[in-house]
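Asker: You'll find final-v5.txt just under this line, and it carries compact mmCIF, C-alpha atoms.
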```
# COMPACT_ATOMS: atom_id res chain seq x y z
CA MET A 1 0.49 14.93 21.56
CA GLU A 2 3.82 16.50 20.54
CA GLN A 3 5.57 13.24 21.29
CA GLN A 4 3.06 11.43 19.09
CA ALA A 5 3.59 13.90 16.25
CA GLN A 6 7.37 13.54 16.60
CA GLN A 7 6.99 9.76 16.44
CA LEU A 8 4.96 10.03 13.23
CA THR A 9 7.66 12.21 11.66
CA ASP A 10 10.33 9.72 12.68
CA ASP A 11 8.23 6.90 11.24
CA ASP A 12 8.02 8.77 7.96
CA ARG A 13 11.77 9.27 7.91
CA LEU A 14 12.42 5.57 8.61
CA PHE A 15 9.81 4.56 6.10
CA ASP A 16 11.45 6.69 3.39
CA LYS A 17 14.80 5.24 4.33
CA TRP A 18 13.40 1.73 3.95
CA LEU A 19 11.70 2.51 0.62
CA GLY A 20 14.95 4.06 -0.56
CA GLY A 21 16.57 0.65 -0.22
CA ASP A 22 18.30 1.07 3.14
CA PRO A 23 17.56 -2.10 5.18
CA ASN A 24 18.26 -0.17 8.41
CA GLY A 25 14.99 1.69 7.82
CA PHE A 26 13.07 -1.55 8.17
CA SER A 27 15.08 -2.89 11.11
CA GLU A 28 14.60 0.39 13.00
CA LEU A 29 10.85 0.32 12.39
CA TYR A 30 10.82 -3.33 13.46
CA GLY A 31 12.76 -2.53 16.63
CA ARG A 32 10.41 0.32 17.43
CA TYR A 33 7.16 -1.64 17.07
CA ARG A 34 7.93 -5.32 17.54
CA GLY A 35 7.04 -5.18 21.26
CA ARG A 36 3.66 -3.58 20.72
CA VAL A 37 2.67 -5.85 17.85
CA PHE A 38 3.91 -8.90 19.71
CA GLY A 39 2.07 -7.81 22.88
CA PHE A 40 -1.14 -7.54 20.88
CA LEU A 41 -0.66 -10.92 19.20
CA LEU A 42 0.27 -12.59 22.46
CA ARG A 43 -2.75 -11.25 24.34
CA MET A 44 -5.06 -12.10 21.47
CA THR A 45 -3.82 -15.68 21.00
CA GLY A 46 -2.55 -16.48 24.49
CA ASP A 47 0.25 -18.57 23.01
CA ARG A 48 3.84 -17.38 22.64
CA GLU A 49 4.80 -19.70 19.80
CA VAL A 50 1.72 -18.87 17.76
CA ALA A 51 2.25 -15.16 18.42
CA GLU A 52 5.88 -15.40 17.28
CA ASP A 53 4.81 -17.02 14.01
CA MET A 54 2.16 -14.37 13.54
CA LEU A 55 4.66 -11.61 14.27
CA GLN A 56 6.81 -12.86 11.41
CA GLU A 57 3.77 -13.16 9.13
CA THR A 58 2.71 -9.63 10.02
CA PHE A 59 6.04 -8.05 9.13
CA LEU A 60 6.38 -10.15 5.99
CA ALA A 61 2.92 -9.06 4.88
CA ALA A 62 3.89 -5.45 5.61
CA ILE A 63 6.92 -5.76 3.32
CA ARG A 64 4.95 -7.42 0.56
CA ASN A 65 2.15 -4.86 0.71
CA VAL A 66 4.15 -1.75 1.43
CA GLY A 67 2.82 -0.21 -1.79
CA GLN A 68 -0.68 -0.18 -0.26
CA PHE A 69 0.35 1.84 2.79
CA ASP A 70 -1.54 5.11 2.91
CA ARG A 71 0.93 7.73 4.15
CA SER A 72 -1.85 9.77 5.71
CA ARG A 73 -2.28 7.00 8.33
CA SER A 74 0.14 6.05 11.05
CA PHE A 75 2.51 3.21 10.25
CA LEU A 76 1.70 1.51 13.56
CA SER A 77 -2.06 1.60 12.90
CA TRP A 78 -1.46 0.04 9.51
CA LEU A 79 0.74 -2.64 11.06
CA PHE A 80 -1.93 -3.38 13.66
CA GLY A 81 -4.49 -3.69 10.89
CA ILE A 82 -2.36 -6.46 9.36
CA ALA A 83 -1.79 -8.12 12.73
CA HIS A 84 -5.51 -7.93 13.48
CA LYS A 85 -6.31 -9.78 10.25
CA ARG A 86 -3.87 -12.51 11.30
CA THR A 87 -5.69 -12.96 14.61
CA ILE A 88 -9.03 -13.19 12.82
CA ASP A 89 -7.63 -15.90 10.52
CA TYR A 90 -6.21 -17.66 13.56
CA TYR A 91 -9.55 -17.76 15.34
CA ARG A 92 -11.38 -18.68 12.18
CA HIS A 93 -9.16 -21.59 11.22
CA ALA A 94 -7.96 -22.94 14.52
CA LYS A 95 -11.19 -22.31 16.44
CA VAL A 96 -9.24 -21.90 19.59
CA GLU A 97 -11.41 -19.35 21.30
CA ALA A 98 -12.84 -21.90 23.73
CA ASP A 99 -9.36 -23.10 24.70
CA HIS A 100 -8.27 -19.49 24.91
CA VAL A 101 -10.89 -18.73 27.58
CA ASP A 102 -9.86 -21.84 29.55
CA ASP A 103 -6.26 -20.68 29.45
CA THR A 104 -7.08 -17.68 31.60
CA ASP A 105 -7.40 -20.00 34.58
CA GLY A 106 -3.67 -20.08 35.03
CA SER A 107 -1.70 -21.77 32.30
CA VAL A 108 -1.42 -18.64 30.18
CA GLY A 109 1.17 -17.04 32.43
CA SER A 110 3.72 -19.72 31.73
CA ARG A 111 3.09 -19.56 28.00
CA ILE A 112 3.45 -15.81 27.64
CA ASP A 113 6.28 -15.03 30.04
CA SER A 114 8.72 -12.63 28.51
CA PRO A 115 12.34 -13.72 28.71
CA GLU A 116 13.72 -10.19 29.10
CA ASP A 117 11.89 -8.86 32.14
CA SER A 118 13.25 -7.88 35.51
CA LEU A 119 11.44 -9.45 38.48
CA SER A 120 9.18 -6.51 39.42
CA ASN A 121 8.43 -5.68 35.83
CA LYS A 122 7.72 -9.34 35.22
CA ARG A 123 5.27 -9.49 38.11
CA LEU A 124 3.48 -6.33 37.01
CA ARG A 125 3.33 -7.45 33.43
CA LYS A 126 1.94 -10.79 34.54
CA ILE A 127 -0.80 -9.19 36.67
CA VAL A 128 -1.81 -6.66 34.00
CA GLY A 129 -1.59 -9.39 31.37
CA GLU A 130 -3.94 -11.62 33.34
CA ALA A 131 -6.38 -8.76 33.77
CA VAL A 132 -6.32 -8.16 30.00
CA GLN A 133 -6.74 -11.88 29.39
CA ARG A 134 -9.89 -11.94 31.53
CA LEU A 135 -11.59 -9.33 29.38
CA ASP A 136 -14.31 -10.40 27.02
CA PRO A 137 -12.58 -11.07 23.64
CA SER A 138 -14.33 -8.16 21.90
CA GLN A 139 -13.41 -5.78 24.74
CA ARG A 140 -9.83 -7.06 24.71
CA GLU A 141 -9.63 -6.55 20.96
CA VAL A 142 -10.71 -2.89 21.14
CA PHE A 143 -8.57 -2.25 24.21
CA MET A 144 -5.38 -3.66 22.69
CA LEU A 145 -5.89 -2.05 19.28
CA ARG A 146 -6.40 1.36 20.87
CA GLU A 147 -3.90 1.26 23.69
CA LEU A 148 -1.04 -0.63 22.04
CA GLY A 149 -1.65 0.11 18.40
CA GLY A 150 -2.91 3.65 18.80
CA VAL A 151 -5.57 2.77 16.22
CA PRO A 152 -8.28 5.47 16.21
CA PHE A 153 -11.74 4.31 17.32
CA LYS A 154 -13.15 5.07 13.90
CA GLU A 155 -10.69 2.66 12.28
CA ILE A 156 -11.25 0.08 15.02
CA ALA A 157 -14.99 0.19 14.28
CA GLU A 158 -14.24 -0.38 10.58
CA MET A 159 -11.87 -3.24 11.32
CA MET A 160 -14.41 -4.92 13.60
CA GLY A 161 -17.37 -4.15 11.37
CA CYS A 162 -19.36 -2.38 14.08
CA PRO A 163 -20.60 1.18 14.73
CA ILE A 164 -18.14 3.49 16.48
CA ASN A 165 -20.43 3.71 19.51
CA THR A 166 -20.16 -0.06 19.93
CA ALA A 167 -16.37 0.18 19.87
CA LEU A 168 -16.47 3.01 22.42
CA GLY A 169 -18.86 1.03 24.61
CA ARG A 170 -16.53 -1.99 24.54
CA MET A 171 -13.59 0.20 25.48
CA ARG A 172 -15.52 1.70 28.39
CA LEU A 173 -16.40 -1.77 29.68
CA ALA A 174 -12.80 -2.91 29.19
CA LEU A 175 -11.55 -0.05 31.38
CA ILE A 176 -14.14 -0.77 34.09
CA ASN A 177 -13.25 -4.48 34.08
CA MET A 178 -9.53 -3.78 34.09
CA ARG A 179 -9.96 -1.57 37.13
CA LYS A 180 -11.92 -4.33 38.94
CA GLU A 181 -9.43 -7.06 38.09
CA LEU A 182 -6.40 -5.03 39.12
CA LYS A 183 -8.07 -3.94 42.33
CA LYS A 184 -8.67 -7.60 43.20
CA ARG A 185 -4.93 -8.10 42.88
CA GLY A 186 -4.18 -5.10 45.03
CA ILE A 187 -3.11 -2.69 42.28
CA ASP A 188 -4.55 0.82 42.03
CA ASN A 189 -1.82 2.48 40.07
CA VAL A 190 0.85 0.67 38.08
CA ARG A 191 3.13 3.71 38.21
CA GLN A 192 3.47 3.40 41.98
CA ILE A 193 4.91 -0.11 41.89
CA MET B 1 -27.77 9.87 32.79
CA CYS B 2 -26.51 12.43 30.28
CA ASP B 3 -26.61 10.72 26.93
CA LYS B 4 -25.76 13.73 24.77
CA PHE B 5 -22.02 13.14 25.04
CA GLU B 6 -22.08 9.53 26.15
CA GLU B 7 -18.64 7.98 25.60
CA ILE B 8 -17.44 11.04 23.70
CA GLY B 9 -15.11 11.53 26.64
CA LEU B 10 -13.08 8.58 25.36
CA LEU B 11 -12.61 10.28 22.00
CA TYR B 12 -11.69 13.51 23.79
CA VAL B 13 -9.14 11.84 26.05
CA SER B 14 -7.70 9.99 23.04
CA GLY B 15 -7.35 13.23 21.08
CA GLU B 16 -9.69 12.02 18.37
CA LEU B 17 -12.11 14.96 18.31
CA SER B 18 -11.75 17.79 15.84
CA PRO B 19 -10.88 21.17 17.42
CA THR B 20 -14.51 22.32 17.03
CA GLU B 21 -15.88 19.11 18.57
CA ALA B 22 -13.35 19.33 21.38
CA ARG B 23 -14.40 22.91 22.21
CA GLU B 24 -18.06 21.90 22.17
CA TYR B 25 -17.31 18.99 24.49
CA GLU B 26 -15.26 21.16 26.85
CA ALA B 27 -18.13 23.64 27.05
CA HIS B 28 -20.45 20.77 27.89
CA VAL B 29 -18.32 19.20 30.64
CA ALA B 30 -17.90 22.62 32.21
CA GLU B 31 -21.61 22.41 33.00
CA CYS B 32 -22.27 18.67 33.24
CA ASP B 33 -20.82 17.02 36.38
CA GLU B 34 -21.64 13.54 35.16
CA CYS B 35 -19.74 13.86 31.89
CA ARG B 36 -16.84 15.58 33.62
CA ARG B 37 -16.54 12.75 36.16
CA GLU B 38 -16.69 10.19 33.37
CA MET B 39 -14.01 11.96 31.34
CA GLU B 40 -11.74 12.28 34.38
CA ALA B 41 -12.21 8.58 35.14
CA TYR B 42 -11.16 7.67 31.60
CA ARG B 43 -8.11 9.87 31.88
CA ARG B 44 -7.18 8.41 35.29
CA GLU B 45 -7.69 4.80 34.23
CA ARG B 46 -5.58 5.21 31.15
CA ALA B 47 -2.84 6.76 33.23
CA GLU B 48 -2.97 4.43 36.23
CA LEU B 49 -3.94 0.97 35.05
CA TYR B 50 -1.36 0.27 32.39
CA THR B 51 1.27 1.73 30.13
CA ALA B 52 2.10 0.79 26.57
CA ASP B 53 5.38 -0.55 27.90
CA ILE B 54 3.64 -2.90 30.34
CA LEU B 55 1.26 -4.13 27.66
CA SER B 56 4.11 -4.71 25.18
CA GLU B 57 5.92 -8.03 25.08
CA SER B 58 9.27 -9.10 23.68
CA PRO B 59 9.70 -12.03 21.36
CA GLY B 60 12.82 -14.09 21.98
CA PRO B 61 16.10 -12.83 20.46
CA ALA B 62 16.19 -15.84 18.14
CA VAL B 63 12.80 -14.84 16.80
CA ASP B 64 13.95 -11.27 16.19
CA ALA B 65 17.02 -12.49 14.33
CA GLU B 66 14.98 -14.89 12.22
CA ILE B 67 12.38 -12.23 11.32
CA LEU B 68 15.04 -9.71 10.33
CA ARG B 69 16.87 -12.37 8.31
CA VAL B 70 13.70 -13.51 6.48
CA CYS B 71 12.46 -9.99 5.93
CA SER B 72 15.79 -8.89 4.45
CA THR B 73 15.47 -11.58 1.78
CA VAL B 74 11.97 -10.60 0.76
CA ARG B 75 11.70 -8.07 -1.98
CA LYS B 76 9.21 -5.30 -1.60
CA ALA B 77 6.37 -5.55 -4.06
CA PRO B 78 7.10 -2.91 -6.70
CA THR B 79 4.47 -0.31 -7.10
CA VAL B 80 3.03 -0.97 -10.55
CA LEU B 81 2.66 2.35 -12.33
CA THR B 82 -0.29 1.81 -14.63
CA PRO B 83 -1.16 4.63 -17.06
CA VAL B 84 -4.08 5.67 -14.84
CA LEU B 85 -1.89 5.69 -11.69
CA PHE B 86 0.75 7.65 -13.58
CA LEU B 87 -1.80 10.28 -14.61
CA LYS B 88 -3.22 10.46 -11.08
CA LYS B 89 0.23 10.83 -9.57
CA TYR B 90 1.88 13.26 -11.94
CA VAL B 91 -0.88 15.14 -13.76
CA PRO B 92 -2.86 17.87 -11.94
CA ILE B 93 -6.52 17.01 -11.35
CA PRO B 94 -8.03 19.62 -13.76
CA VAL B 95 -5.76 18.42 -16.58
CA PHE B 96 -6.57 14.81 -15.72
CA LEU B 97 -10.32 15.56 -15.85
CA MET B 98 -9.88 17.37 -19.17
CA LEU B 99 -8.07 14.36 -20.65
CA VAL B 100 -10.84 12.06 -19.44
CA ALA B 101 -13.47 14.36 -21.00
CA VAL B 102 -11.61 14.40 -24.34
CA ALA B 103 -11.29 10.61 -24.29
CA VAL B 104 -15.00 10.13 -23.54
CA GLY B 105 -16.01 12.72 -26.14
CA GLY B 106 -13.82 11.05 -28.75
CA TYR B 107 -15.32 7.69 -28.00
CA PHE B 108 -18.88 8.90 -28.54
CA ARG B 109 -17.95 10.88 -31.62
CA TYR B 110 -16.32 7.84 -33.21
CA HIS B 111 -19.32 5.62 -32.49
CA SER B 112 -21.81 8.14 -33.79
CA MET B 113 -20.34 8.00 -37.33
CA THR B 114 -23.34 6.61 -39.22
CA ALA B 115 -23.79 6.49 -42.93
CA ALA B 116 -26.20 9.40 -42.75
CA ASN B 117 -23.84 11.85 -41.13
CA LEU B 118 -20.89 10.63 -43.21
CA VAL B 119 -22.91 11.40 -46.31
CA SER B 120 -24.08 14.75 -45.01
CA LYS B 121 -20.53 15.58 -44.03
CA TYR B 122 -18.95 14.59 -47.36
CA GLY B 123 -21.74 15.72 -49.66
CA GLY B 124 -24.15 12.92 -50.51
CA GLU B 125 -23.97 11.14 -53.86
CA ALA B 126 -21.21 13.41 -55.06
CA ALA B 127 -19.06 11.62 -52.57
CA GLN B 128 -15.48 12.36 -51.74
CA PRO B 129 -13.03 9.96 -53.38
CA ASP B 130 -12.42 8.05 -50.12
CA LEU B 131 -16.11 7.60 -49.31
CA PRO B 132 -17.28 4.14 -50.35
CA ASN B 133 -19.69 4.37 -53.20
CA VAL B 134 -22.56 2.12 -52.19
CA ASN B 135 -24.02 2.26 -55.67
CA ASP B 136 -21.16 0.08 -56.95
CA ASN B 137 -22.23 -2.86 -54.84
CA ILE B 138 -25.94 -2.79 -55.32
CA GLN B 139 -27.06 -5.77 -57.28
CA THR B 140 -29.50 -4.21 -59.60
CA PRO B 141 -32.09 -6.41 -61.31
CA PRO B 142 -31.18 -7.44 -64.82
CA ALA B 143 -31.64 -4.59 -67.20
CA PRO B 144 -34.34 -2.55 -65.54
CA VAL B 145 -36.08 -0.72 -68.23
CA ASN B 146 -37.83 1.90 -66.21
CA GLY B 147 -38.50 3.14 -62.75
CA GLU B 148 -41.48 0.87 -62.24
CA GLU B 149 -39.41 -2.29 -62.63
CA LEU B 150 -36.78 -0.99 -60.23
CA ALA B 151 -39.50 -0.06 -57.84
CA MET B 152 -40.46 -3.74 -57.70
CA LEU B 153 -37.45 -4.37 -55.51
CA ASP B 154 -38.54 -4.95 -51.95
CA SER B 155 -37.51 -1.89 -49.96
CA ASN B 156 -36.59 -4.19 -47.04
CA THR B 157 -33.97 -6.10 -49.07
CA VAL B 158 -30.65 -5.72 -47.33
CA ILE B 159 -27.96 -4.43 -49.60
CA LYS B 160 -24.53 -5.40 -48.34
CA ASP B 161 -21.63 -3.21 -49.16
CA THR B 162 -18.41 -5.01 -48.43
CA ASN B 163 -16.47 -1.76 -48.44
CA ALA B 164 -18.69 0.05 -46.00
CA PRO B 165 -18.96 -0.70 -42.28
CA PHE B 166 -22.73 -0.83 -42.34
CA SER B 167 -25.61 -2.57 -44.01
CA LYS B 168 -28.60 -0.74 -45.29
CA THR B 169 -31.83 -1.66 -46.89
CA LEU B 170 -32.74 -0.13 -50.17
CA GLY B 171 -35.45 1.80 -48.37
CA ASP B 172 -32.94 3.18 -45.86
CA LEU B 173 -30.64 4.37 -48.61
CA ASN B 174 -33.52 5.93 -50.40
CA ARG B 175 -34.70 7.79 -47.32
CA GLU B 176 -31.21 8.99 -46.54
CA GLY B 177 -30.78 10.28 -50.07
CA VAL B 178 -27.85 8.02 -50.88
CA PHE B 179 -29.57 6.05 -53.56
CA THR B 180 -32.71 7.16 -55.26
CA VAL B 181 -35.06 4.42 -56.31
CA LYS B 182 -37.05 5.63 -59.14
CA GLY B 183 -40.70 5.31 -58.48
CA GLU B 184 -40.17 4.66 -54.72
CA GLY B 185 -42.20 7.70 -53.89
CA ASP B 186 -45.04 6.49 -56.08
CA ARG B 187 -45.64 3.28 -54.11
```
What would you get if you wrote out this structure as structure tokens?
Answerer:
Amino acid sequence: MEQQAQQLTDDDRLFDKWLGGDPNGFSELYGRYRGRVFGFLLRMTGDREVAEDMLQETFLAAIRNVGQFDRSRSFLSWLFGIAHKRTIDYYRHAKVEADHVDDTDGSVGSRIDSPEDSLSNKRLRKIVGEAVQRLDPSQREVFMLRELGGVPFKEIAEMMGCPINTALGRMRLALINMRKELKKRGIDNVRQI
Amino acid sequence: MCDKFEEIGLLYVSGELSPTEAREYEAHVAECDECRREMEAYRRERAELYTADILSESPGPAVDAEILRVCSTVRKAPTVLTPVLFLKKYVPIPVFLMLVAVAVGGYFRYHSMTAANLVSKYGGEAAQPDLPNVNDNIQTPPAPVNGEELAMLDSNTVIKDTNAPFSKTLGDLNREGVFTVKGEGDR
């Protein structure tokens, strides 16, 4: 909790720095959150190139709409709100959901491999990534928004246009299914690997 | 199945309950084994199955460089400070509400300026110099000899006064005491 509060304070400081005209403010915020936003976009689209384009669109939209940022919210939640809208547009226009489900059979791994990972980290990331990919899209959406974006359930429910209990129910199922999938692959605790 | 706090454990574990709600939930799980097991499972799963670091991914360095380059060329949208936004930002709420009340009051006062209350305010036929004298623009019939002939005018005839922002019928003016039609009361 304290760490989270400290992070929010740091975000505020960087945000003020950025608004004050110092470009380092933006690059530090970008460096801090690029991995989380990109992880979300990658898991939601299943395609590295598409996710990279959407990452750029997300940060550009953040710059253009910085005046709309409500300082009472967390910067990361706001950023995830923008990224989430990009994924909705992606599904709406490209209609790739069917292909996306097919991708989970194996080809996704090669399309989302991260170039920076060590071997063990890469293996773990791949296994967890596949487990996430096998979740029902609505469960995956809630799971990634909450766990990577730190978006509160109330805001997730608003973003998805559903009651908060539905969002909580999807999260519960996501955790149960994640546990099953990881167990199948012989993983009980990622911290012990 | 205890449905009183179903899935509230997730909110508790995520730190999304208010202090009062959290205390109420803690009191409940102290007595309800089912909810306590569920809450512990949530806590364990979130600790054991993944970390934010494992779920995060890195875009290629070329992508990072390109995003930082493009973003540095984009200007932030300036926050447009409209008069309303300015008032909301810099004027305390009670003063802001008072200004709104004065503006609304002024609007209604301006639009309620009818001929009747102008006349009553400035003294009827003995009008103030700046009050348009409607009598000047009334086309009277040629050389009315007495009140009866004047009374022949239709009281619904609209008398237009080009200097006044209103139109009145002869009857209206008579009733409001602006212009007295002789014999009107006799009809």
Asker: List every residue of chain A that has an atom at most 8 Å from any atom of chain B, and for each one report the closest atom pair and its distance in Å to one decimal, counting only C-alpha atoms, with rows sorted by chain and then by increasing residue number, as CSV.
Answerer:
```
residue,atom,partner,partner_atom,distance
A:Pro23,CA,B:Ser72,CA,7.1
A:Ser27,CA,B:Leu68,CA,6.9
A:Arg34,CA,B:Ser58,CA,7.3
A:Gly35,CA,B:Glu57,CA,4.9
A:Arg36,CA,B:Ser56,CA,4.6
A:Val37,CA,B:Ser56,CA,7.6
A:Phe38,CA,B:Glu57,CA,5.8
A:Gly39,CA,B:Ser56,CA,4.4
A:Phe40,CA,B:Ser56,CA,7.4
A:Leu42,CA,B:Glu57,CA,7.7
A:Glu52,CA,B:Pro59,CA,6.5
A:Gln56,CA,B:Ile67,CA,5.6
A:Phe59,CA,B:Cys71,CA,7.4
A:Leu60,CA,B:Cys71,CA,6.1
A:Ile63,CA,B:Lys76,CA,5.4
A:Arg64,CA,B:Ala77,CA,5.2
A:Asn65,CA,B:Ala77,CA,6.4
A:Val66,CA,B:Lys76,CA,6.9
A:Gly67,CA,B:Thr79,CA,5.6
A:Ser114,CA,B:Ser58,CA,6.0
A:Pro115,CA,B:Gly60,CA,6.8
A:Glu116,CA,B:Ser58,CA,7.1
A:Asn121,CA,B:Ile54,CA,7.8
A:Leu124,CA,B:Ile54,CA,7.5
A:Arg125,CA,B:Ile54,CA,5.5
A:Val128,CA,B:Tyr50,CA,7.1
A:Gly129,CA,B:Leu55,CA,7.0
A:Glu147,CA,B:Ala52,CA,6.7
A:Leu148,CA,B:Ala52,CA,5.7
A:Pro152,CA,B:Glu16,CA,7.0
A:Phe153,CA,B:Leu11,CA,7.6
A:Asn165,CA,B:Glu7,CA,7.7
A:Leu168,CA,B:Glu7,CA,6.3
A:Gly169,CA,B:Glu7,CA,7.0
A:Arg172,CA,B:Glu7,CA,7.5
A:Leu175,CA,B:Glu45,CA,6.8
A:Met178,CA,B:Leu49,CA,7.4
A:Arg179,CA,B:Leu49,CA,6.9
A:Leu182,CA,B:Leu49,CA,7.7
A:Asp188,CA,B:Leu49,CA,7.0
A:Asn189,CA,B:Glu48,CA,4.5
A:Val190,CA,B:Glu48,CA,5.7
A:Arg191,CA,B:Glu48,CA,6.5
```
Asker: For each of A:Asp136, A:Phe75, A:Asp70, A:Leu145, take the minimum atom-to-atom distance to Leu14 (chain A), counting all atoms listed in the file, then give the residue where this is smallest.
Answerer: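 That would be A:Phe75, the residue with the smallest distance to Leu14 (chain A).
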Asker: So how far away is CA of Phe5 (chain B) from CA of Asn177 (chain A), in Å?
Answerer: 21.7 Å
Asker: Can you work out which one of A:Asp89, A:Asp11, A:Glu158, A:Asp22 has the shortest atom-to-atom distance to Thr45 (chain A), counting all atoms listed in the file?
Answerer: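 Closest to Thr45 (chain A) of all the choices is A:Asp89.
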Asker: Please compute the CA of Lys126 (chain A)-CA of Lys183 (chain A) distance, one decimal, in Å.
Answerer: 14.4 Å
